[in-house]
Each structure stands twice: as structure tokens, then as C-alpha cells.
file structure.csv (CSV, C-alpha atoms)
chain,number,residue,atom,x,y,z
V,20,MET,CA,0.4,-16.7,-8.8
V,21,SER,CA,3.7,-18.2,-9.9
V,22,PRO,CA,6.6,-16.0,-11.0
V,23,ASP,CA,6.5,-17.8,-14.4
V,24,THR,CA,3.0,-16.4,-15.2
V,25,ALA,CA,3.0,-13.2,-13.2
V,26,ILE,CA,4.4,-10.9,-15.9
V,27,ALA,CA,2.2,-11.4,-18.9
V,28,PRO,CA,0.1,-9.3,-21.3
V,29,LEU,CA,-2.8,-9.7,-18.9
V,30,ALA,CA,-0.7,-9.1,-15.8
V,31,GLY,CA,-3.1,-6.3,-14.8
V,32,ASP,CA,-5.8,-8.8,-14.3
V,33,SER,CA,-3.5,-11.0,-12.2
V,34,ILE,CA,-2.4,-8.1,-10.0
V,35,ALA,CA,-6.0,-6.9,-9.5
V,36,ALA,CA,-7.1,-10.5,-8.6
V,37,ALA,CA,-4.2,-10.9,-6.1
V,38,LEU,CA,-5.0,-7.6,-4.4
V,39,GLN,CA,-8.7,-8.5,-4.3
V,40,GLY,CA,-7.7,-11.7,-2.6
V,41,GLY,CA,-6.0,-9.8,0.2
V,42,MET,CA,-2.3,-10.0,-0.8
V,43,LEU,CA,-0.2,-7.2,0.6
V,44,PHE,CA,0.9,-5.1,-2.4
V,45,THR,CA,4.6,-4.9,-1.5
V,46,ASP,CA,4.8,-8.7,-1.2
V,47,LEU,CA,3.1,-9.1,-4.6
V,48,ALA,CA,5.4,-6.5,-6.2
V,49,ALA,CA,8.5,-8.2,-4.8
V,50,LEU,CA,7.3,-11.6,-6.0
V,51,LEU,CA,6.6,-10.3,-9.5
V,52,CYS,CA,10.0,-8.6,-10.0
V,53,GLY,CA,12.2,-10.7,-7.7
V,54,GLU,CA,13.6,-7.6,-6.1
V,55,GLU,CA,13.3,-5.7,-2.8
V,56,ILE,CA,10.7,-2.9,-3.0
V,57,THR,CA,11.4,0.5,-1.4
V,58,PHE,CA,9.3,3.5,-0.7
V,59,HIS,CA,10.3,7.0,-1.9
V,60,ALA,CA,8.3,9.7,-0.1
V,61,ASP,CA,6.7,12.6,-1.8
V,62,GLY,CA,5.5,13.8,1.6
V,63,ALA,CA,3.9,12.9,4.8
V,64,SER,CA,1.5,15.0,6.8
V,65,VAL,CA,-0.7,14.8,9.9
V,66,PHE,CA,-4.3,15.7,9.2
V,67,SER,CA,-7.9,15.0,10.2
V,68,LEU,CA,-9.3,12.0,8.4
V,69,THR,CA,-11.9,12.5,5.6
V,70,ALA,CA,-15.2,10.7,5.9
V,71,ALA,CA,-14.0,8.3,3.1
V,72,GLU,CA,-11.0,7.4,5.3
V,73,ARG,CA,-12.9,7.3,8.6
V,74,GLY,CA,-15.4,4.7,7.4
V,75,PRO,CA,-13.1,1.8,6.7
V,76,LEU,CA,-10.8,2.7,9.6
V,77,ARG,CA,-13.8,2.9,11.9
V,78,ALA,CA,-12.6,6.2,13.3
V,79,LYS,CA,-14.6,9.1,14.8
V,80,PRO,CA,-14.8,12.5,13.3
V,81,GLY,CA,-11.8,14.7,14.3
V,82,VAL,CA,-9.4,11.7,14.5
V,83,GLN,CA,-6.0,12.5,13.0
V,84,GLY,CA,-3.9,10.2,11.0
V,85,ILE,CA,-0.7,10.4,9.0
V,86,ARG,CA,-0.9,10.5,5.2
V,87,ARG,CA,2.1,8.9,3.5
V,88,ARG,CA,2.4,9.6,-0.2
V,89,GLY,CA,5.1,8.4,-2.6
V,90,THR,CA,6.4,5.9,-5.1
V,91,LEU,CA,7.2,2.2,-4.7
V,92,ARG,CA,10.4,1.3,-6.5
V,93,THR,CA,12.4,-1.8,-7.2
V,94,ALA,CA,16.0,-2.1,-5.9
V,95,SER,CA,17.2,-1.6,-9.4
V,96,GLY,CA,15.3,1.7,-9.7
V,97,ARG,CA,12.2,0.9,-11.7
V,98,ASP,CA,9.0,2.6,-10.5
V,99,VAL,CA,6.3,0.1,-9.5
V,100,ALA,CA,3.4,2.1,-8.2
V,101,ARG,CA,2.2,5.4,-6.8
V,102,VAL,CA,0.8,5.0,-3.3
V,103,ILE,CA,-1.1,7.0,-0.8
V,104,ALA,CA,-1.6,5.5,2.6
V,105,VAL,CA,-3.2,6.9,5.7
V,106,TYR,CA,-2.3,5.2,9.0
V,107,LEU,CA,-3.3,5.7,12.6
V,108,PRO,CA,-0.2,5.7,14.7
V,109,TYR,CA,-2.1,5.2,18.0
V,110,ARG,CA,-3.3,1.8,16.7
V,111,ILE,CA,0.2,0.6,15.9
V,112,ARG,CA,1.6,-0.4,19.2
V,113,ASP,CA,5.1,-1.2,18.0
V,114,GLU,CA,7.7,1.7,18.5
V,115,ALA,CA,10.2,0.2,16.0
V,116,ALA,CA,7.5,0.0,13.3
V,117,LEU,CA,6.4,3.6,13.9
V,118,ARG,CA,10.1,4.7,13.7
V,119,ALA,CA,10.4,2.8,10.4
V,120,LEU,CA,7.3,4.5,9.0
V,121,HIS,CA,8.6,7.9,10.0
V,122,MET,CA,12.3,7.6,9.3
V,123,THR,CA,13.0,5.0,6.5
V,124,GLY,CA,12.1,4.1,3.0
V,125,GLU,CA,10.4,0.9,4.0
V,126,PRO,CA,6.9,0.4,2.4
V,127,LEU,CA,4.0,0.4,4.8
V,128,GLY,CA,3.1,-3.2,4.1
V,129,GLN,CA,6.7,-4.4,4.8
V,130,VAL,CA,6.7,-2.5,8.1
V,131,LEU,CA,3.4,-3.9,9.2
V,132,ALA,CA,3.7,-7.5,7.9
V,133,PRO,CA,5.9,-8.7,10.8
V,134,LEU,CA,3.2,-7.4,13.2
V,135,GLY,CA,0.7,-9.8,11.5
V,136,ALA,CA,-0.9,-7.2,9.2
V,137,THR,CA,-3.5,-8.5,6.7
V,138,ARG,CA,-5.1,-6.8,3.8
V,139,GLN,CA,-8.8,-6.5,3.3
V,140,SER,CA,-9.6,-5.4,-0.2
V,141,LEU,CA,-11.7,-2.3,-0.7
V,142,GLY,CA,-11.6,-2.9,-4.5
V,143,ALA,CA,-9.2,-3.3,-7.4
V,144,MET,CA,-9.8,-2.6,-11.0
V,145,VAL,CA,-7.8,-2.8,-14.2
V,146,ILE,CA,-7.5,0.5,-16.1
V,147,ALA,CA,-7.6,0.1,-19.9
V,148,THR,CA,-5.6,3.2,-20.9
V,149,GLY,CA,-3.0,5.6,-19.6
V,150,ASP,CA,0.0,5.0,-17.4
V,151,ILE,CA,-1.9,3.3,-14.6
V,152,ALA,CA,-2.7,-0.4,-15.2
V,153,VAL,CA,-4.4,-1.2,-11.9
V,154,ARG,CA,-5.9,0.9,-9.2
V,155,ALA,CA,-6.5,-0.8,-5.8
V,156,ARG,CA,-7.6,0.2,-2.4
V,157,GLY,CA,-7.2,-1.9,0.8
V,158,LEU,CA,-7.5,-1.8,4.5
V,159,LEU,CA,-4.6,-3.0,6.6
V,160,LEU,CA,-5.5,-4.7,9.8
V,161,ILE,CA,-3.5,-5.9,12.8
V,162,ASN,CA,-5.4,-8.4,15.0
V,163,GLU,CA,-8.5,-7.4,13.0
V,164,VAL,CA,-8.1,-3.8,14.1
V,165,PRO,CA,-7.9,-1.4,11.1
V,166,VAL,CA,-4.6,0.6,11.2
V,167,ALA,CA,-4.3,1.9,7.7
V,168,VAL,CA,-6.0,2.4,4.4
V,169,ALA,CA,-3.8,2.3,1.3
V,170,GLU,CA,-4.3,3.1,-2.4
V,171,GLU,CA,-2.0,1.7,-5.0
V,172,GLN,CA,-1.8,2.9,-8.6
V,173,VAL,CA,0.2,0.2,-10.3
V,174,LEU,CA,2.1,1.6,-13.3
V,175,ARG,CA,1.5,0.0,-16.6
V,176,SER,CA,5.3,-0.1,-17.3
V,177,PHE,CA,5.6,-2.4,-14.3
V,178,ALA,CA,2.5,-4.5,-14.9
V,179,ILE,CA,3.4,-5.5,-18.5
V,180,ALA,CA,7.2,-5.5,-18.4
V,181,PRO,CA,8.7,-8.6,-20.0
call {"tool": "encode", "arguments": {"input": "structure.csv", "output": "C-alpha cells"}}
result
Amino acid sequence: MSPDTAIAPLAGDSIAAALQGGMLFTDLAALLCGEEITFHADGASVFSLTAAERGPLRAKPGVQGIRRRGTLRTASGRDVARVIAVYLPYRIRDEAALRALHMTGEPLGQVLAPLGATRQSLGAMVIATGDIAVRARGLLLINEVPVAVAEEQVLRSFAIAP
């Protein structure tokens, strides 16, 4: 997707297609707006994974993960998406990456990308009405090992901005 055609009336379709194709959302958002993307936490908590989270992560019942919930925002302050990510710290073998996830505003995808993270789509769809333009879910893998599952709710104001 070229920056010239990325922001268009049908941008939701392009965003959904890129996420279905496995692009990391933070990379896509930065490409679309030409700005750095930051994460603004609404909260993080340790909890036992739900069955819906355990399945894609190939985790056993009782396994705990960290849920990271918040908003992705451009450097200029425009909200991009609401995100919820669940990651398994014991599968991320890089201490600096774990510190960044716990102590900074770096988005999950940006932290994991240097470790070779790839995204496997678990679905993306365009939403016709409301403030959400695209809802997508993906599995982040490092060396083909699932380390996180993330859901992005891309805001319509970002998807169709001129």
C-alpha cells in the first residue's frame, strides 16, 4: 500500500486487507500517517488466560499472561486505535523488550518487531457505522512461537482522515 493511496474513502478496506496480509498494525499506522505511533495505557494486569486467548497462543489452562489495554496515538496527538493485547512474558526471552512493555509507551508491535515478530491474522473486518472503522485480531509470533494476541479497533477518524 503506497502512502499516496492509503488515506482514501475506502481506507478501511485497505487497512483490513493489510492486517489480513500479516502487516504489524503499528508499522501500518506509522506508514499511513507518517508519524511515530505511541501507546497510552488504560491499564495492564496479570490474569489467567481465557479459552479464546489460550487457543491461538497454544497455552494450557491456568497459564497467566499480561493484558495491556490502551490507545495508540500519533506523535501529534491524534488517536489511531483502541488496542487490547495479551502477551506471555515467559515466551519473550529479551529482557529489554520486557522492560519496554512494562515501563514505556512503546506499542507491542514496535517492541517485538526487532525480535523478528510476525503477525498471523485471526481476522479483520470493516465496520460500516460507528466510531470504529476496522476491527482486527492477530497473533504475534517470534520464531513461529506465539507470544501475544492483539485486537485493534481502528478509529474511523483515523481511517478516513484526509
call {"tool": "atom_distance", "arguments": {"input": "structure.csv", "atom1": "atom CA of Arg97 of chain V", "atom2": "atom CA of Val130 of chain V"}}
result
20.8 Å
call {"tool": "closest_residue", "arguments": {"input": "structure.csv", "among": "V:Ala71, V:Ala78, V:Ala119, V:Ile56", "to": "Ala94 of chain V", "atoms": "only C-alpha atoms"}}
result
V:Ile56
call {"tool": "atom_distance", "arguments": {"input": "structure.csv", "atom1": "atom CA of Ser33 of chain V", "atom2": "atom CA of Gly124 of chain V"}}
result
26.5 Å
call {"tool": "closest_atom_pairs", "arguments": {"input": "structure.csv", "of": "segment 27-120 of chain V", "to": "segment 135-158 of chain V", "cutoff": "12 Å", "atoms": "only C-alpha atoms", "output": "Markdown table"}}
result
| residue | atom | partner | partner_atom | distance |
| --- | --- | --- | --- | --- |
| V:Pro28 | CA | V:Ala152 | CA | 11.1 |
| V:Leu29 | CA | V:Val145 | CA | 9.7 |
| V:Ala30 | CA | V:Ala152 | CA | 8.9 |
| V:Gly31 | CA | V:Val145 | CA | 5.9 |
| V:Asp32 | CA | V:Val145 | CA | 6.3 |
| V:Ser33 | CA | V:Val145 | CA | 9.5 |
| V:Ile34 | CA | V:Val153 | CA | 7.4 |
| V:Ala35 | CA | V:Ala143 | CA | 5.3 |
| V:Ala36 | CA | V:Ala143 | CA | 7.6 |
| V:Ala37 | CA | V:Ala143 | CA | 9.2 |
| V:Leu38 | CA | V:Ser140 | CA | 6.6 |
| V:Gln39 | CA | V:Ser140 | CA | 5.2 |
| V:Gly40 | CA | V:Ser140 | CA | 7.0 |
| V:Gly41 | CA | V:Arg138 | CA | 4.8 |
| V:Met42 | CA | V:Arg138 | CA | 6.3 |
| V:Leu43 | CA | V:Arg138 | CA | 5.9 |
| V:Phe44 | CA | V:Arg138 | CA | 8.8 |
| V:Thr45 | CA | V:Arg138 | CA | 11.2 |
| V:Asp46 | CA | V:Arg138 | CA | 11.3 |
| V:Leu47 | CA | V:Arg138 | CA | 12.0 |
| V:Ala71 | CA | V:Leu141 | CA | 11.5 |
| V:Glu72 | CA | V:Leu158 | CA | 9.9 |
| V:Arg73 | CA | V:Leu158 | CA | 11.3 |
| V:Gly74 | CA | V:Leu158 | CA | 10.6 |
| V:Pro75 | CA | V:Leu158 | CA | 7.0 |
| V:Leu76 | CA | V:Leu158 | CA | 7.6 |
| V:Arg77 | CA | V:Leu158 | CA | 10.8 |
| V:Asp98 | CA | V:Asp150 | CA | 11.6 |
| V:Val99 | CA | V:Ile151 | CA | 10.2 |
| V:Ala100 | CA | V:Ile151 | CA | 8.4 |
| V:Arg101 | CA | V:Ile151 | CA | 9.1 |
| V:Val102 | CA | V:Ala155 | CA | 9.7 |
| V:Ile103 | CA | V:Arg156 | CA | 9.5 |
| V:Ala104 | CA | V:Arg156 | CA | 9.4 |
| V:Val105 | CA | V:Leu158 | CA | 9.8 |
| V:Tyr106 | CA | V:Leu158 | CA | 9.8 |
| V:Leu107 | CA | V:Leu158 | CA | 11.8 |
| V:Arg110 | CA | V:Ala136 | CA | 12.0 |
| V:Ile111 | CA | V:Ala136 | CA | 10.3 |
| V:Asp113 | CA | V:Gly135 | CA | 11.6 |
| V:Ala116 | CA | V:Ala136 | CA | 11.8 |
call {"tool": "closest_residue", "arguments": {"input": "structure.csv", "among": "V:Pro126, V:Pro80, V:Pro108, V:Gly62", "to": "Thr93 of chain V", "atoms": "only C-alpha atoms"}}
result
V:Pro126
call {"tool": "decode", "arguments": {"input": "structure.csv", "residues": "segment 91-103 of chain V", "atoms": "all heavy atoms", "output": "JSON list (two decimals), in the first residue's frame"}}
result
[["chain", "number", "residue", "atom", "x", "y", "z"],
["V", 91, "LEU", "N", -3.57, 3.67, 20.83],
["V", 91, "LEU", "CA", -2.42, 4.04, 20.00],
["V", 91, "LEU", "C", -2.67, 5.45, 19.50],
["V", 91, "LEU", "O", -3.78, 5.79, 19.09],
["V", 91, "LEU", "CB", -2.26, 3.07, 18.83],
["V", 91, "LEU", "CG", -1.89, 1.65, 19.21],
["V", 91, "LEU", "CD1", -1.82, 0.76, 17.97],
["V", 91, "LEU", "CD2", -0.57, 1.60, 19.97],
["V", 92, "ARG", "N", -1.62, 6.26, 19.52],
["V", 92, "ARG", "CA", -1.75, 7.68, 19.20],
["V", 92, "ARG", "C", -0.56, 8.11, 18.34],
["V", 92, "ARG", "O", 0.55, 7.63, 18.51],
["V", 92, "ARG", "CB", -1.74, 8.45, 20.52],
["V", 92, "ARG", "CG", -2.32, 9.82, 20.47],
["V", 92, "ARG", "CD", -2.54, 10.37, 21.89],
["V", 92, "ARG", "NE", -3.78, 9.85, 22.42],
["V", 92, "ARG", "CZ", -4.00, 9.63, 23.70],
["V", 92, "ARG", "NH1", -3.09, 9.87, 24.60],
["V", 92, "ARG", "NH2", -5.17, 9.16, 24.10],
["V", 93, "THR", "N", -0.81, 9.05, 17.44],
["V", 93, "THR", "CA", 0.27, 9.61, 16.64],
["V", 93, "THR", "C", 1.11, 10.56, 17.49],
["V", 93, "THR", "O", 0.66, 11.02, 18.54],
["V", 93, "THR", "CB", -0.26, 10.40, 15.43],
["V", 93, "THR", "OG1", -0.99, 11.53, 15.91],
["V", 93, "THR", "CG2", -1.15, 9.54, 14.54],
["V", 94, "ALA", "N", 2.31, 10.88, 17.02],
["V", 94, "ALA", "CA", 3.18, 11.81, 17.73],
["V", 94, "ALA", "C", 2.52, 13.17, 17.90],
["V", 94, "ALA", "O", 2.76, 13.87, 18.87],
["V", 94, "ALA", "CB", 4.51, 11.94, 17.01],
["V", 95, "SER", "N", 1.65, 13.54, 16.95],
["V", 95, "SER", "CA", 0.96, 14.83, 17.03],
["V", 95, "SER", "C", -0.28, 14.78, 17.91],
["V", 95, "SER", "O", -0.96, 15.79, 18.07],
["V", 95, "SER", "CB", 0.60, 15.32, 15.63],
["V", 95, "SER", "OG", -0.29, 14.43, 15.00],
["V", 96, "GLY", "N", -0.60, 13.61, 18.47],
["V", 96, "GLY", "CA", -1.69, 13.51, 19.43],
["V", 96, "GLY", "C", -3.01, 12.99, 18.92],
["V", 96, "GLY", "O", -3.99, 12.97, 19.65],
["V", 97, "ARG", "N", -3.06, 12.54, 17.67],
["V", 97, "ARG", "CA", -4.31, 12.02, 17.12],
["V", 97, "ARG", "C", -4.48, 10.54, 17.49],
["V", 97, "ARG", "O", -3.57, 9.74, 17.30],
["V", 97, "ARG", "CB", -4.31, 12.17, 15.60],
["V", 97, "ARG", "CG", -5.63, 11.84, 14.96],
["V", 97, "ARG", "CD", -5.67, 12.27, 13.53],
["V", 97, "ARG", "NE", -4.73, 11.49, 12.76],
["V", 97, "ARG", "CZ", -4.86, 11.22, 11.47],
["V", 97, "ARG", "NH1", -5.87, 11.70, 10.80],
["V", 97, "ARG", "NH2", -3.99, 10.49, 10.84],
["V", 98, "ASP", "N", -5.64, 10.18, 18.02],
["V", 98, "ASP", "CA", -5.92, 8.79, 18.35],
["V", 98, "ASP", "C", -6.06, 7.97, 17.07],
["V", 98, "ASP", "O", -6.71, 8.40, 16.12],
["V", 98, "ASP", "CB", -7.19, 8.66, 19.18],
["V", 98, "ASP", "CG", -7.01, 9.12, 20.62],
["V", 98, "ASP", "OD1", -5.86, 9.42, 21.01],
["V", 98, "ASP", "OD2", -8.01, 9.16, 21.36],
["V", 99, "VAL", "N", -5.44, 6.79, 17.08],
["V", 99, "VAL", "CA", -5.41, 5.90, 15.93],
["V", 99, "VAL", "C", -6.33, 4.70, 16.15],
["V", 99, "VAL", "O", -7.16, 4.36, 15.30],
["V", 99, "VAL", "CB", -3.97, 5.40, 15.67],
["V", 99, "VAL", "CG1", -3.93, 4.33, 14.60],
["V", 99, "VAL", "CG2", -3.06, 6.56, 15.33],
["V", 100, "ALA", "N", -6.16, 4.04, 17.29],
["V", 100, "ALA", "CA", -6.91, 2.80, 17.55],
["V", 100, "ALA", "C", -6.93, 2.51, 19.04],
["V", 100, "ALA", "O", -6.03, 2.91, 19.79],
["V", 100, "ALA", "CB", -6.25, 1.63, 16.82],
["V", 101, "ARG", "N", -7.97, 1.80, 19.44],
["V", 101, "ARG", "CA", -8.02, 1.21, 20.77],
["V", 101, "ARG", "C", -7.46, -0.20, 20.63],
["V", 101, "ARG", "O", -7.78, -0.89, 19.67],
["V", 101, "ARG", "CB", -9.45, 1.15, 21.28],
["V", 101, "ARG", "CG", -10.05, 2.52, 21.47],
["V", 101, "ARG", "CD", -11.48, 2.42, 22.03],
["V", 101, "ARG", "NE", -12.16, 3.65, 21.71],
["V", 101, "ARG", "CZ", -13.28, 3.75, 21.02],
["V", 101, "ARG", "NH1", -13.90, 2.66, 20.58],
["V", 101, "ARG", "NH2", -13.81, 4.92, 20.77],
["V", 102, "VAL", "N", -6.62, -0.60, 21.56],
["V", 102, "VAL", "CA", -6.00, -1.91, 21.46],
["V", 102, "VAL", "C", -6.07, -2.66, 22.79],
["V", 102, "VAL", "O", -6.05, -2.06, 23.85],
["V", 102, "VAL", "CB", -4.51, -1.81, 21.01],
["V", 102, "VAL", "CG1", -4.42, -1.29, 19.60],
["V", 102, "VAL", "CG2", -3.71, -0.96, 21.95],
["V", 103, "ILE", "N", -6.16, -3.96, 22.65],
["V", 103, "ILE", "CA", -6.06, -4.87, 23.78],
["V", 103, "ILE", "C", -5.11, -5.97, 23.33],
["V", 103, "ILE", "O", -5.30, -6.57, 22.28],
["V", 103, "ILE", "CB", -7.41, -5.50, 24.16],
["V", 103, "ILE", "CG1", -8.42, -4.41, 24.52],
["V", 103, "ILE", "CG2", -7.24, -6.50, 25.31],
["V", 103, "ILE", "CD1", -9.84, -4.94, 24.68]]
